[in-house]
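Undergrad: Sharing input-v6.txt below, compact mmCIF, C-alpha atoms:
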# COMPACT_ATOMS: atom_id res chain seq x y z
CA MET X 845 -17.98 42.39 -28.60
CA THR X 846 -16.35 45.45 -30.16
CA ARG X 847 -13.88 43.97 -32.63
CA THR X 848 -14.46 42.52 -36.07
CA TYR X 849 -14.65 38.73 -35.93
CA GLN X 850 -14.74 35.75 -38.30
CA ALA X 851 -17.48 33.15 -38.47
CA THR X 852 -18.71 30.36 -40.72
CA GLY X 853 -22.44 30.52 -41.27
CA ILE X 854 -25.41 29.53 -43.38
CA ASN X 855 -28.08 32.03 -44.40
CA LEU X 856 -31.52 31.07 -43.12
CA LYS X 857 -33.63 34.18 -43.57
CA SER X 858 -33.47 37.62 -45.19
CA GLN X 859 -35.50 40.80 -45.33
CA ALA X 860 -35.14 44.05 -47.21
CA LEU X 861 -33.65 47.06 -45.46
CA GLY X 862 -33.92 50.43 -47.11
CA GLU X 863 -33.40 50.59 -50.87
CA THR X 864 -30.25 48.51 -51.29
CA ASP X 865 -29.53 46.49 -48.13
CA LYS X 866 -30.71 43.25 -46.57
CA ILE X 867 -30.87 41.95 -43.02
CA ILE X 868 -29.64 38.35 -43.02
CA THR X 869 -30.30 35.86 -40.24
CA ILE X 870 -27.34 33.49 -40.15
CA LEU X 871 -26.63 30.32 -38.20
CA THR X 872 -22.92 30.30 -37.39
CA LYS X 873 -20.81 27.61 -35.78
CA GLU X 874 -18.91 30.05 -33.58
CA MET X 875 -21.52 32.61 -32.47
CA GLY X 876 -24.82 30.84 -32.95
CA LEU X 877 -27.62 32.86 -34.50
CA ILE X 878 -26.75 36.36 -35.67
CA ARG X 879 -28.60 39.06 -37.62
CA ALA X 880 -26.39 41.19 -39.80
CA ILE X 881 -26.80 43.84 -42.46
CA ALA X 882 -25.51 42.92 -45.90
CA PRO X 883 -24.84 46.45 -47.22
CA GLY X 884 -25.65 47.05 -50.86
CA SER X 885 -26.62 43.40 -51.42
CA ARG X 886 -29.71 44.37 -53.42
CA LYS X 887 -27.72 46.46 -55.86
CA HIS X 888 -27.13 45.15 -59.35
CA ASN X 889 -23.81 43.27 -59.54
CA SER X 890 -23.25 43.57 -55.78
CA GLN X 891 -20.59 41.16 -54.49
CA LEU X 892 -22.82 40.37 -51.54
CA GLY X 893 -25.87 39.71 -53.73
CA GLY X 894 -25.42 35.99 -54.32
CA ARG X 895 -23.62 35.54 -51.01
CA SER X 896 -26.68 36.72 -49.11
CA ALA X 897 -29.04 34.21 -50.76
CA MET X 898 -30.85 31.48 -48.82
CA PHE X 899 -28.83 28.41 -47.79
CA VAL X 900 -25.50 29.85 -48.92
CA VAL X 901 -22.63 28.99 -46.58
CA ASN X 902 -20.04 31.74 -46.19
CA GLU X 903 -16.82 32.47 -44.41
CA LEU X 904 -17.77 35.80 -42.89
CA LEU X 905 -16.03 38.83 -41.51
CA ILE X 906 -18.52 40.50 -39.18
CA SER X 907 -18.27 44.01 -37.88
CA PRO X 908 -20.32 44.72 -34.73
CA GLY X 909 -22.78 47.55 -35.15
CA LYS X 910 -22.90 50.77 -33.21
CA SER X 911 -26.29 51.75 -31.85
CA SER X 912 -27.30 55.36 -32.18
CA GLN X 913 -29.93 54.95 -29.46
CA PRO X 914 -28.90 54.09 -25.88
CA GLY X 915 -30.19 50.74 -24.69
CA LYS X 916 -31.22 49.62 -28.17
CA PRO X 917 -29.27 46.71 -29.67
CA SER X 918 -27.58 47.34 -32.99
CA LEU X 919 -27.21 45.06 -35.97
CA ALA X 920 -23.84 43.72 -37.00
CA ARG X 921 -22.61 44.32 -40.54
CA ILE X 922 -21.11 41.89 -43.00
CA ALA X 923 -17.75 43.37 -43.92
CA GLN X 924 -16.72 40.44 -46.12
CA ALA X 925 -18.15 37.11 -47.29
CA GLU X 926 -16.56 34.25 -49.19
CA ILE X 927 -18.78 31.41 -50.42
CA ILE X 928 -17.67 27.94 -49.32
CA LYS X 929 -20.82 25.97 -50.15
CA THR X 930 -24.16 26.39 -51.90
CA TYR X 931 -27.22 24.19 -52.47
CA PRO X 932 -28.38 25.08 -56.00
CA GLY X 933 -30.39 21.88 -56.31
CA LEU X 934 -32.81 23.00 -53.62
CA SER X 935 -34.07 26.00 -55.56
CA LYS X 936 -34.62 23.89 -58.67
CA ASP X 937 -37.18 21.64 -56.99
CA LEU X 938 -40.13 23.22 -55.16
CA GLY X 939 -40.63 20.18 -52.93
CA LYS X 940 -37.00 20.18 -51.81
CA LEU X 941 -37.06 23.94 -51.28
CA ALA X 942 -40.22 23.73 -49.14
CA ALA X 943 -38.67 20.95 -47.04
CA SER X 944 -35.47 22.98 -46.59
CA GLN X 945 -37.38 26.06 -45.46
CA TYR X 946 -39.33 23.86 -43.05
CA LEU X 947 -36.08 22.61 -41.45
CA ALA X 948 -34.71 26.16 -41.35
CA GLU X 949 -37.77 27.32 -39.39
CA ILE X 950 -37.19 24.66 -36.75
CA VAL X 951 -33.53 25.64 -36.52
CA LEU X 952 -34.50 29.29 -36.05
CA CYS X 953 -36.69 28.22 -33.12
CA GLN X 954 -33.87 26.21 -31.52
CA ALA X 955 -30.72 28.22 -32.18
CA LEU X 956 -29.15 30.38 -29.51
CA SER X 957 -27.32 33.67 -29.99
CA ASP X 958 -23.83 34.41 -28.67
CA TYR X 959 -23.23 30.72 -28.08
CA PRO X 960 -21.49 28.12 -30.29
CA GLN X 961 -23.96 26.04 -32.33
CA GLU X 962 -21.65 23.71 -34.20
CA GLU X 963 -23.77 20.56 -33.78
CA LEU X 964 -26.90 22.31 -34.98
CA TYR X 965 -25.00 23.89 -37.88
CA GLU X 966 -23.54 20.53 -38.97
CA LEU X 967 -26.87 18.70 -38.62
CA LEU X 968 -28.75 21.23 -40.74
CA ASN X 969 -26.11 21.14 -43.47
CA GLU X 970 -26.15 17.34 -43.42
CA HIS X 971 -29.90 17.21 -44.04
CA LEU X 972 -29.82 19.95 -46.68
CA GLN X 973 -27.16 17.98 -48.50
CA ARG X 974 -29.30 14.84 -48.34
CA LEU X 975 -32.34 16.67 -49.67
CA GLU X 976 -30.37 18.19 -52.54
CA ALA X 977 -28.92 14.81 -53.53
CA LEU X 978 -32.33 13.11 -53.75
CA PRO X 979 -33.47 11.89 -57.16
CA LYS X 980 -37.07 12.81 -57.93
CA SER X 981 -38.12 9.19 -57.44
CA THR X 982 -37.15 9.29 -53.76
CA SER X 983 -39.49 10.64 -51.11
CA VAL X 984 -38.72 14.17 -49.99
CA VAL X 985 -41.27 13.80 -47.20
CA ALA X 986 -39.44 10.81 -45.67
CA HIS X 987 -36.19 12.77 -45.53
CA LEU X 988 -37.99 15.81 -44.17
CA ALA X 989 -39.52 13.71 -41.39
CA GLN X 990 -36.11 12.33 -40.46
CA GLY X 991 -34.59 15.81 -40.46
CA VAL X 992 -37.32 17.08 -38.14
CA PHE X 993 -36.85 14.10 -35.81
CA HIS X 994 -33.06 14.59 -35.65
CA LEU X 995 -33.41 18.31 -34.92
CA LEU X 996 -35.89 17.60 -32.13
CA ALA X 997 -33.54 14.93 -30.75
CA LEU X 998 -30.65 17.39 -30.70
CA ALA X 999 -32.83 19.79 -28.71
CA GLY X 1000 -33.75 16.98 -26.32
CA ILE X 1001 -37.46 17.01 -27.16
CA ALA X 1002 -37.82 14.19 -29.70
CA PRO X 1003 -40.96 12.08 -29.20
CA GLN X 1004 -40.50 8.79 -27.38
CA VAL X 1005 -41.45 6.08 -29.86
CA GLN X 1006 -39.43 3.06 -28.72
CA PHE X 1007 -41.11 2.85 -25.29
CA CYS X 1008 -44.56 3.58 -23.91
CA CYS X 1009 -44.68 6.99 -22.22
CA LEU X 1010 -46.90 5.59 -19.45
CA THR X 1011 -45.26 2.26 -18.60
CA GLN X 1012 -41.77 2.66 -20.13
CA HIS X 1013 -42.20 -0.81 -21.62
CA PRO X 1014 -40.75 -1.40 -25.12
CA LEU X 1015 -43.21 -1.02 -27.98
CA SER X 1016 -43.12 -3.77 -30.57
CA PRO X 1017 -45.82 -3.95 -33.26
CA ASP X 1018 -47.73 -7.25 -33.34
CA SER X 1019 -47.14 -8.57 -36.85
CA HIS X 1020 -49.88 -11.19 -36.40
CA ASN X 1021 -52.60 -8.69 -35.58
CA PRO X 1022 -53.65 -6.57 -38.59
CA ASN X 1023 -55.71 -4.32 -36.31
CA TRP X 1024 -52.85 -3.61 -33.88
CA GLN X 1025 -52.60 0.06 -32.89
CA VAL X 1026 -50.71 2.30 -30.50
CA GLY X 1027 -51.63 5.76 -29.33
CA PHE X 1028 -49.58 8.91 -29.81
CA SER X 1029 -49.90 11.70 -27.27
CA ILE X 1030 -48.36 15.08 -28.03
CA THR X 1031 -48.72 16.24 -24.43
CA ALA X 1032 -47.30 13.03 -22.93
CA GLY X 1033 -44.30 13.14 -25.27
CA GLY X 1034 -44.79 10.24 -27.66
CA ALA X 1035 -46.22 6.76 -28.08
CA VAL X 1036 -48.66 5.32 -25.57
CA CYS X 1037 -49.77 1.70 -25.19
CA LEU X 1038 -53.55 1.84 -25.65
CA GLN X 1039 -54.14 -0.98 -23.15
CA ALA X 1040 -52.17 0.89 -20.47
CA TRP X 1041 -53.99 4.10 -21.38
CA GLU X 1042 -57.38 2.41 -21.03
CA GLN X 1043 -56.43 0.98 -17.62
CA LEU X 1044 -55.33 4.45 -16.49
CA ARG X 1045 -58.58 5.94 -17.79
CA LYS X 1046 -60.68 3.50 -15.78
CA ARG X 1047 -58.57 3.99 -12.68
CA THR X 1048 -58.81 7.76 -13.01
CA GLU X 1049 -62.60 7.57 -13.37
CA GLN X 1050 -62.85 5.40 -10.25
CA GLN X 1051 -60.64 7.76 -8.24
CA THR X 1052 -62.60 10.76 -9.45
CA GLN X 1053 -65.88 9.17 -8.42
CA ALA X 1054 -64.43 8.29 -5.01
CA GLN X 1055 -63.15 11.81 -4.58
CA ASP X 1056 -66.57 13.24 -5.45
CA HIS X 1057 -68.17 10.86 -2.97
CA TYR X 1058 -65.93 11.89 -0.11
CA SER X 1059 -66.27 15.57 -1.04
CA GLU X 1060 -70.01 15.26 -0.44
CA MET X 1061 -69.37 13.70 2.95
CA GLU X 1062 -66.63 16.10 4.10
CA ASN X 1063 -69.08 18.09 6.24
CA SER X 1064 -70.34 14.98 7.99
CA PRO X 1065 -69.63 15.10 11.77
CA GLU X 1066 -68.77 11.39 11.64
CA LEU X 1067 -65.68 12.11 9.52
CA ASN X 1068 -62.82 13.52 11.51
CA TYR X 1069 -60.05 13.06 8.93
CA GLU X 1070 -59.24 14.31 5.45
CA ARG X 1071 -58.76 11.89 2.56
CA VAL X 1072 -56.12 12.90 0.00
CA PHE X 1073 -56.28 11.63 -3.59
CA HIS X 1074 -53.36 11.63 -6.02
CA LEU X 1075 -54.64 11.37 -9.58
CA GLN X 1076 -52.29 10.66 -12.48
CA ASP X 1077 -53.08 12.87 -15.43
CA LEU X 1078 -54.70 11.05 -18.32
CA PRO X 1079 -52.88 12.12 -21.49
CA LYS X 1080 -54.90 13.00 -24.55
CA ILE X 1081 -54.44 10.59 -27.44
CA SER X 1082 -53.71 12.79 -30.46
CA HIS X 1083 -53.39 9.97 -33.01
CA ARG X 1084 -53.75 6.23 -33.31
CA LEU X 1085 -50.91 4.63 -35.25
CA ASP X 1086 -50.96 1.29 -37.04
CA ARG X 1087 -48.00 -1.09 -37.21
CA LYS X 1088 -46.42 0.54 -40.25
CA GLU X 1089 -46.71 4.09 -38.94
CA LEU X 1090 -45.10 3.22 -35.60
CA LYS X 1091 -42.30 1.37 -37.37
CA MET X 1092 -41.68 4.41 -39.59
CA LEU X 1093 -41.46 6.67 -36.54
CA GLN X 1094 -39.10 4.24 -34.81
CA TYR X 1095 -36.78 4.14 -37.81
CA LEU X 1096 -36.44 7.93 -37.87
CA SER X 1097 -33.86 7.82 -35.09
CA GLN X 1098 -31.52 5.87 -37.37
CA PRO X 1099 -28.63 7.81 -38.96
CA GLU X 1100 -29.48 6.87 -42.54
CA ILE X 1101 -32.86 7.15 -44.23
CA MET X 1102 -31.96 4.24 -46.52
CA GLN X 1103 -32.51 1.88 -43.61
CA ILE X 1104 -36.22 2.69 -43.73
CA GLU X 1105 -38.30 0.25 -45.71
CA ALA X 1106 -40.52 1.65 -48.46
CA ALA X 1107 -39.06 5.15 -48.08
CA ALA X 1108 -41.23 6.41 -50.93
CA ASN X 1109 -44.48 5.25 -49.35
CA SER X 1110 -47.19 7.91 -49.11
CA GLY X 1111 -47.64 7.03 -45.43
CA TRP X 1112 -44.81 9.47 -44.78
CA LEU X 1113 -47.27 12.32 -45.20
CA THR X 1114 -49.12 11.07 -42.12
CA VAL X 1115 -45.88 10.69 -40.17
CA GLU X 1116 -44.78 14.20 -41.13
CA GLN X 1117 -48.07 15.71 -39.99
CA ILE X 1118 -47.79 13.94 -36.62
CA LEU X 1119 -44.24 15.26 -36.16
CA ARG X 1120 -45.35 18.72 -37.28
CA GLN X 1121 -48.07 18.94 -34.66
CA TYR X 1122 -45.68 17.59 -32.04
CA ALA X 1123 -42.95 20.10 -32.98
CA GLN X 1124 -45.34 23.05 -33.06
CA TYR X 1125 -46.63 22.18 -29.59
CA HIS X 1126 -43.20 21.79 -28.03
CA LEU X 1127 -41.61 24.74 -29.86
CA GLY X 1128 -44.58 26.95 -29.07
CA ARG X 1129 -45.11 28.34 -32.57
CA PRO X 1130 -46.49 27.28 -35.96
CA ILE X 1131 -44.24 26.10 -38.79
CA ARG X 1132 -45.34 28.37 -41.61
CA SER X 1133 -43.42 26.54 -44.33
CA ALA X 1134 -45.49 23.43 -43.63
CA THR X 1135 -48.33 24.90 -45.68
CA LEU X 1136 -46.04 24.66 -48.72
CA ILE X 1137 -45.56 20.96 -48.02
CA ASP X 1138 -49.33 20.48 -47.84
CA SER X 1139 -50.08 22.36 -51.03
CA TYR X 1140 -47.18 20.97 -53.06
CA PHE X 1141 -47.54 17.30 -52.21
CA ALA X 1142 -51.32 17.38 -52.37
CA ALA X 1143 -51.09 18.76 -55.90
CA ASN X 1144 -48.11 16.58 -56.86
CA HIS X 1145 -48.87 13.26 -55.26
CA ASP X 1146 -46.52 11.47 -57.66
CA ALA X 1147 -43.61 13.37 -56.12
CA ILE X 1148 -43.71 11.18 -53.02
CA VAL X 1149 -43.89 7.82 -54.73
Would it be possible to restate this file's structure as structure tokens?
TA:
Amino acid sequence: MTRTYQATGINLKSQALGETDKIITILTKEMGLIRAIAPGSRKHNSQLGGRSAMFVVNELLISPGKSSQPGKPSLARIAQAEIIKTYPGLSKDLGKLAASQYLAEIVLCQALSDYPQEELYELLNEHLQRLEALPKSTSVVAHLAQGVFHLLALAGIAPQVQFCCLTQHPLSPDSHNPNWQVGFSITAGGAVCLQAWEQLRKRTEQQTQAQDHYSEMENSPELNYERVFHLQDLPKISHRLDRKELKMLQYLSQPEIMQIEAAANSGWLTVEQILRQYAQYHLGRPIRSATLIDSYFAANHDAIV
């Protein structure tokens, strides 16, 4: 692209460049993820100063950069920016800000460049708006967990929590059994019926023993054929969930968090950590902002109740 173009985008990341500039990473509806220089944005009273802040939504006029080195990509430049939306409430609450940065990190892992990302753009803005509107008495962690789940669902990698990953049978917590549990396997992609898992474990052990037995006999002259074994992989159980935790995970696919019972329950910290480990595994990188969630809500336990 050689001509100046317009785009609507939200700032997700920034870094200093030289003495007065910034490099802004922006999620745009029209062009996906772009990195652009905001010239002079670190100067006092710069017009681009506030417009280059985190989670500011701008109507942008972008000028493609010109590389001085052959074969090396150049950075675009922000020629003009007009604010259309901000989220001032996020910066006023450390818990909300940490949750917003967490969601932004996942978006940065998912977003494509030079490709429209309107659904991702709209989904992120929707969850930022929900976080900002929360009263302090409402659980930030519950809304964070739902935002993570929705982003993973948009990418097609949300954990399967309505059905067993092994049998594909529906999972329904037994309300009459206080000790009822279900497994959760990160590698298998979601919830696993523990009874089905145990049956698979025993079957796998039996097949392995049989395979070892026939391997010892393979040089016997009485055997003139080869036995082939097909072993189903036994997924590792990462967590064991009780009735409430599975129900919380199942409700995350709903459009509104208000449909979740006891949204301010501290059990959401456990659910968030399960989703975090799942997301980090499937995205292939750590979520650095998650440490802020740990430190903030551990020190401010009342913030989640």
Undergrad: Give me the residues within 8 Å of range 1132-1143 of chain X as a PyMOL selection string, counting only C-alpha atoms and dropping any in the same chain fewer than 4 places off.
TA: chain X and resi 938-939+942-943+945-946+949+1120+1147-1148
Undergrad: Given the selection you just returned, output its residues as a file containing C-alpha atoms, formatted as an mmCIF file, in the coordinates of the input.
TA:
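That gives us selection_18.cif:
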data_model
loop_
_atom_site.group_PDB
_atom_site.id
_atom_site.type_symbol
_atom_site.label_atom_id
_atom_site.label_comp_id
_atom_site.auth_asym_id
_atom_site.auth_seq_id
_atom_site.Cartn_x
_atom_site.Cartn_y
_atom_site.Cartn_z
ATOM 1 C CA LEU X 938 -40.130 23.220 -55.160
ATOM 2 C CA GLY X 939 -40.630 20.180 -52.930
ATOM 3 C CA ALA X 942 -40.220 23.730 -49.140
ATOM 4 C CA ALA X 943 -38.670 20.950 -47.040
ATOM 5 C CA GLN X 945 -37.380 26.060 -45.460
ATOM 6 C CA TYR X 946 -39.330 23.860 -43.050
ATOM 7 C CA GLU X 949 -37.770 27.320 -39.390
ATOM 8 C CA ARG X 1120 -45.350 18.720 -37.280
ATOM 9 C CA ALA X 1147 -43.610 13.370 -56.120
ATOM 10 C CA ILE X 1148 -43.710 11.180 -53.020
#
Undergrad: Using all atoms listed in the file, can you tell me which of X:Leu964, X:Ala897, X:Ile922, X:Leu904 comes closest to Ser935 in chain X?
TA: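 That would be X:Ala897, the residue with the smallest distance to Ser935 in chain X.
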Undergrad: Rounded to one decimal, what separation in Å do you get between CA of Ile867 in chain X and CA of Glu966 in chain X?
TA: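 Those two atoms sit 23.0 Å apart.
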Undergrad: So the first atom is CA of Ala851 in chain X and the second is CA of Val900 in chain X; what is the distance between them in Å, to one decimal place?
TA: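 Interatomic distance, CA of Ala851 in chain X to CA of Val900 in chain X: 13.6 Å.
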Undergrad: Looking at only C-alpha atoms, which of X:Ser890, X:Ala955, X:Gln850, X:Ile1131 is the one that sits closest to Asp865 in chain X?
TA: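 Among X:Ser890, X:Ala955, X:Gln850, X:Ile1131, it is X:Ser890 that comes nearest to Asp865 in chain X.
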